[in-house]
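One structure is given below, encoded as structure tokens.
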Amino acid sequence: MREMLRLFVVVTLFGAISGGILAGVRAGTQERIEYQQIKFVKGPAILQIMKGCTNDPLTTRFKIKDGKEERAFFVGVFDGKPNTVAFEATGKGYGGEIPIIIAVNMDNDQIVGVGVTTHRETPGVGARVQTDPKFTSQFKGQSIKEPFKVKGDGGKIDAISGATVSSRGVTGAVVSSGEIYNRLKSNIVEKMKSIKS
Amino acid sequence: MAKTAFQEFTKGLWSEVPPYRLVLGLCPTLAMTKQVDMGFGMGLAVTFVLVGSNVLISLLRKVIPKNVRIACFIVVVATFVIVVELLMQAYTYELFLKMGIFIPLIVVNCIPLGRAEAFCYKKGVLPSFADGLGMGLGYTISLTVLAIIREVFGNGTFFNQPISFLGPSFQPFSFMITAPGAFVCLGLMLCIMNLLGKK
């Protein structure tokens, strides 16, 4: 019986100590890991649509609670003023969710740029929503409050031929980002005040 | 006859080098040698785990009851593996993405568990440390050599940089990059090692 107890105690102690160490390491690396994920997954899209900003949008960021979710916002400084935010939204595509990064000018609610990040659309067909700049540039300069639709659905966005579903997915993502923007604008403005240019 | 710590260290580099002599840890040897950076990274990750778990297990060998020793070994090895995984994620994210599932799979790699059972549970801290370092470096060198052969001939690059000494007419021998190419390459290496080791 005593021997049995010793086995229990030793294994339990091993587990507990190892759990403690891992929790410590995780807490210590969490922030850096988050930054790396942003840099390699969302980073290229953010930097591309925020071209011309004078800060590093990847480090100038804040989070806002939106219901159960927490959304990350990246701030771009243009002409010495932090007036642009980029954030993520998703729409339904052909191969699943299409996540996009959209940048909005806070002064006039205009879209600065749209970039598709990690998608599972068909290579060479639906995937062109990411690689064809002609498609995403249609949103540039438009008001984010507009209810975008592809031409086939009675809107004015030119879908990529052969990839209507993917184009509709990106358009839907832009519309849902408009909803997020409207919902959280006051919070964004509040947080932007604390950012120095 | 007791061996010195130095002998324990050097045996891992040549006479008992893990993939070629002990023929252990072959899964990552085949999968992680497409590119030199992958092979090298894998080797260093295994070295870190081996040194850490070897030292800790030999320190605790009086505390660990015989009946549950394997469970304790796995906890120790798994802890070090997760530490490596988190550190790689934080500091070498691109390599982490490339190596993917093979980092957590170090836990079930036969080398750390095998060394713990066959060596550290019976020997002191210093020989265990030397053994872990030697085995780890031997593994790193083995993987790097295999990766150099496969990447240079299969892809015409070295550390992802194009190399020029093969001349402009060189056509990559892409078979080397594929999984069967890994087996053939490993087989040739084993053959060479056996020839060299022949007395």
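By convention here, the chains of the structure tokens are called A, B, ... in the order presented, each chain's residues are numbered starting at 1, and ligands are numbered starting at 1 in the order presented.
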
List the spatial neighbours of region 163-179 of chain A as a PyMOL selection string - criterion: any atom at most 7 Å away, only C-alpha atoms, same-chain residues fewer than 5 positions off excluded.
chain A and resi 89-94+98+100+125-126+129+144-145+147-150

Using only C-alpha atoms, I'd like every residue of chain A that has an atom within 9 Å of chain B; please write them out as a short mmCIF file (atom, residue, chain, number, x, y, z; two decimals) with N, CA, C and O atoms, in the first residue's frame.
```
data_model
loop_
_atom_site.label_atom_id
_atom_site.label_comp_id
_atom_site.auth_asym_id
_atom_site.auth_seq_id
_atom_site.Cartn_x
_atom_site.Cartn_y
_atom_site.Cartn_z
N ARG A 6 3.37 5.86 -3.00
CA ARG A 6 4.57 6.55 -3.46
C ARG A 6 4.49 6.76 -4.98
O ARG A 6 4.82 7.82 -5.49
N LEU A 7 4.03 5.73 -5.69
CA LEU A 7 3.91 5.85 -7.15
C LEU A 7 2.97 7.00 -7.51
O LEU A 7 3.29 7.84 -8.35
N VAL A 10 4.62 10.43 -6.75
CA VAL A 10 5.69 10.83 -7.67
C VAL A 10 5.13 11.26 -9.02
O VAL A 10 5.46 12.34 -9.52
N VAL A 11 4.24 10.45 -9.58
CA VAL A 11 3.72 10.80 -10.91
C VAL A 11 2.91 12.09 -10.85
O VAL A 11 3.03 12.95 -11.72
N PHE A 14 5.30 14.98 -10.69
CA PHE A 14 5.90 15.21 -12.01
C PHE A 14 4.94 16.00 -12.89
O PHE A 14 5.32 16.99 -13.52
N GLY A 15 3.70 15.55 -12.94
CA GLY A 15 2.71 16.22 -13.78
C GLY A 15 2.51 17.66 -13.36
O GLY A 15 2.50 18.57 -14.19
N SER A 18 5.60 19.87 -14.13
CA SER A 18 5.72 20.12 -15.57
C SER A 18 4.64 21.09 -16.04
O SER A 18 4.91 22.00 -16.83
N GLY A 19 3.41 20.93 -15.51
CA GLY A 19 2.35 21.87 -15.87
C GLY A 19 2.69 23.29 -15.47
O GLY A 19 2.50 24.23 -16.25
N ILE A 21 5.71 24.62 -15.07
CA ILE A 21 6.78 25.14 -15.93
C ILE A 21 6.20 25.58 -17.27
O ILE A 21 6.48 26.68 -17.76
N LEU A 22 5.35 24.72 -17.85
CA LEU A 22 4.80 25.04 -19.17
C LEU A 22 3.94 26.29 -19.12
O LEU A 22 3.99 27.12 -20.03
N VAL A 25 6.32 29.21 -19.18
CA VAL A 25 6.92 29.46 -20.50
C VAL A 25 5.89 30.05 -21.44
O VAL A 25 6.16 30.98 -22.20
N ARG A 26 4.69 29.53 -21.37
CA ARG A 26 3.64 30.02 -22.26
C ARG A 26 3.33 31.49 -21.99
O ARG A 26 3.24 32.31 -22.90
N THR A 29 6.04 33.66 -23.47
CA THR A 29 6.22 33.76 -24.92
C THR A 29 4.95 34.19 -25.64
O THR A 29 4.99 34.47 -26.83
N GLN A 30 3.83 34.25 -24.91
CA GLN A 30 2.55 34.47 -25.57
C GLN A 30 2.51 35.71 -26.45
O GLN A 30 2.10 35.66 -27.61
N GLU A 31 3.00 36.82 -25.88
CA GLU A 31 2.91 38.07 -26.61
C GLU A 31 3.71 38.03 -27.91
O GLU A 31 3.26 38.46 -28.96
N ARG A 32 4.91 37.42 -27.82
CA ARG A 32 5.76 37.32 -29.00
C ARG A 32 5.16 36.41 -30.05
O ARG A 32 5.23 36.67 -31.24
N ILE A 33 4.56 35.30 -29.60
CA ILE A 33 3.95 34.38 -30.54
C ILE A 33 2.80 35.07 -31.27
O ILE A 33 2.67 34.96 -32.49
N GLU A 34 2.01 35.84 -30.53
CA GLU A 34 0.92 36.57 -31.14
C GLU A 34 1.44 37.52 -32.21
O GLU A 34 0.91 37.60 -33.31
N TYR A 35 2.53 38.22 -31.86
CA TYR A 35 3.11 39.15 -32.82
C TYR A 35 3.60 38.42 -34.07
O TYR A 35 3.38 38.86 -35.20
N GLN A 36 4.24 37.25 -33.87
CA GLN A 36 4.75 36.48 -35.02
C GLN A 36 3.62 36.04 -35.92
O GLN A 36 3.72 36.08 -37.13
N GLN A 37 2.51 35.60 -35.29
CA GLN A 37 1.38 35.16 -36.11
C GLN A 37 0.82 36.32 -36.92
O GLN A 37 0.53 36.18 -38.10
N PHE A 40 3.38 37.10 -39.84
CA PHE A 40 3.52 36.20 -40.98
C PHE A 40 2.19 35.84 -41.63
O PHE A 40 2.17 35.48 -42.79
#
```

Just the alpha helix (DSSP H) stuff from region 61-189 of chain B, please, per backbone DSSP, written as an NGL selection string.
:B and (69-91 or 93-99 or 110-115 or 125-155 or 179-189)

Please indicate the distance in Å from CA of Lys39 (chain A) to CA of Ala86 (chain A), rounded to one decimal place.
13.9 Å

Every residue of region 28-96 of chain A that DSSP places in strand (DSSP E or B), as a count of residues only:
28

Counting only C-alpha atoms, give me one row per residue of region 99-119 of chain A with an atom at most 9 Å from an atom of region 48-54 of chain A, showing the shortest contact pair and its distance in Å to one decimal, sorted by chain then residue number, as a Markdown table.
```
| residue | atom | partner | partner_atom | distance |
| --- | --- | --- | --- | --- |
| A:Ile101 | CA | A:Ile49 | CA | 8.4 |
| A:Ile102 | CA | A:Ile49 | CA | 7.8 |
| A:Ala103 | CA | A:Ile49 | CA | 6.9 |
| A:Val112 | CA | A:Ile49 | CA | 7.0 |
| A:Gly113 | CA | A:Ile49 | CA | 5.0 |
| A:Val114 | CA | A:Ile49 | CA | 6.4 |
| A:Gly115 | CA | A:Ile49 | CA | 6.7 |
```

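Across the model, the gap from CA of Phe62 (chain A) to CA of Val77 (chain A) is 14.4 Å.
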
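Minimum atom-to-atom distances from B:Ile149, B:Leu126, B:Val55, B:Leu22 to Glu8 (chain B) were compared using only C-alpha atoms, and the lowest value belongs to B:Leu126.
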
Between B:Ile192, B:Thr140, B:Leu133, B:Ser174, which is the closest to Phe153 (chain B) once you count only C-alpha atoms?
B:Ser174

Give me, please, the distance in Å between CA of Ala116 (chain B) and CA of Phe9 (chain B), quoted to one decimal.
15.3 Å

Shell of 12 Å around Ala118 (chain B), only C-alpha atoms, local chain residues under 6 positions omitted, as an MDAnalysis selection string:
chainID B and resid 54 57:58 69:70 73 110:112 128 131

Output file for the selection above: C-alpha atoms, as an mmCIF file, in the first residue's frame:
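Just written: out29.cif:
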```
data_model
loop_
_atom_site.group_PDB
_atom_site.id
_atom_site.type_symbol
_atom_site.label_atom_id
_atom_site.label_comp_id
_atom_site.auth_asym_id
_atom_site.auth_seq_id
_atom_site.Cartn_x
_atom_site.Cartn_y
_atom_site.Cartn_z
ATOM 1 C CA ASN B 54 19.019 13.392 -19.897
ATOM 2 C CA ILE B 57 16.244 12.158 -15.495
ATOM 3 C CA SER B 58 19.677 11.219 -14.210
ATOM 4 C CA ARG B 69 9.580 5.174 -14.816
ATOM 5 C CA ILE B 70 8.328 5.267 -18.422
ATOM 6 C CA PHE B 73 10.283 9.856 -18.649
ATOM 7 C CA CYS B 110 12.892 6.879 -29.857
ATOM 8 C CA ILE B 111 16.063 8.805 -29.118
ATOM 9 C CA PRO B 112 15.174 10.800 -25.958
ATOM 10 C CA SER B 128 24.282 11.693 -19.036
ATOM 11 C CA ASP B 131 25.734 11.439 -23.752
#
```
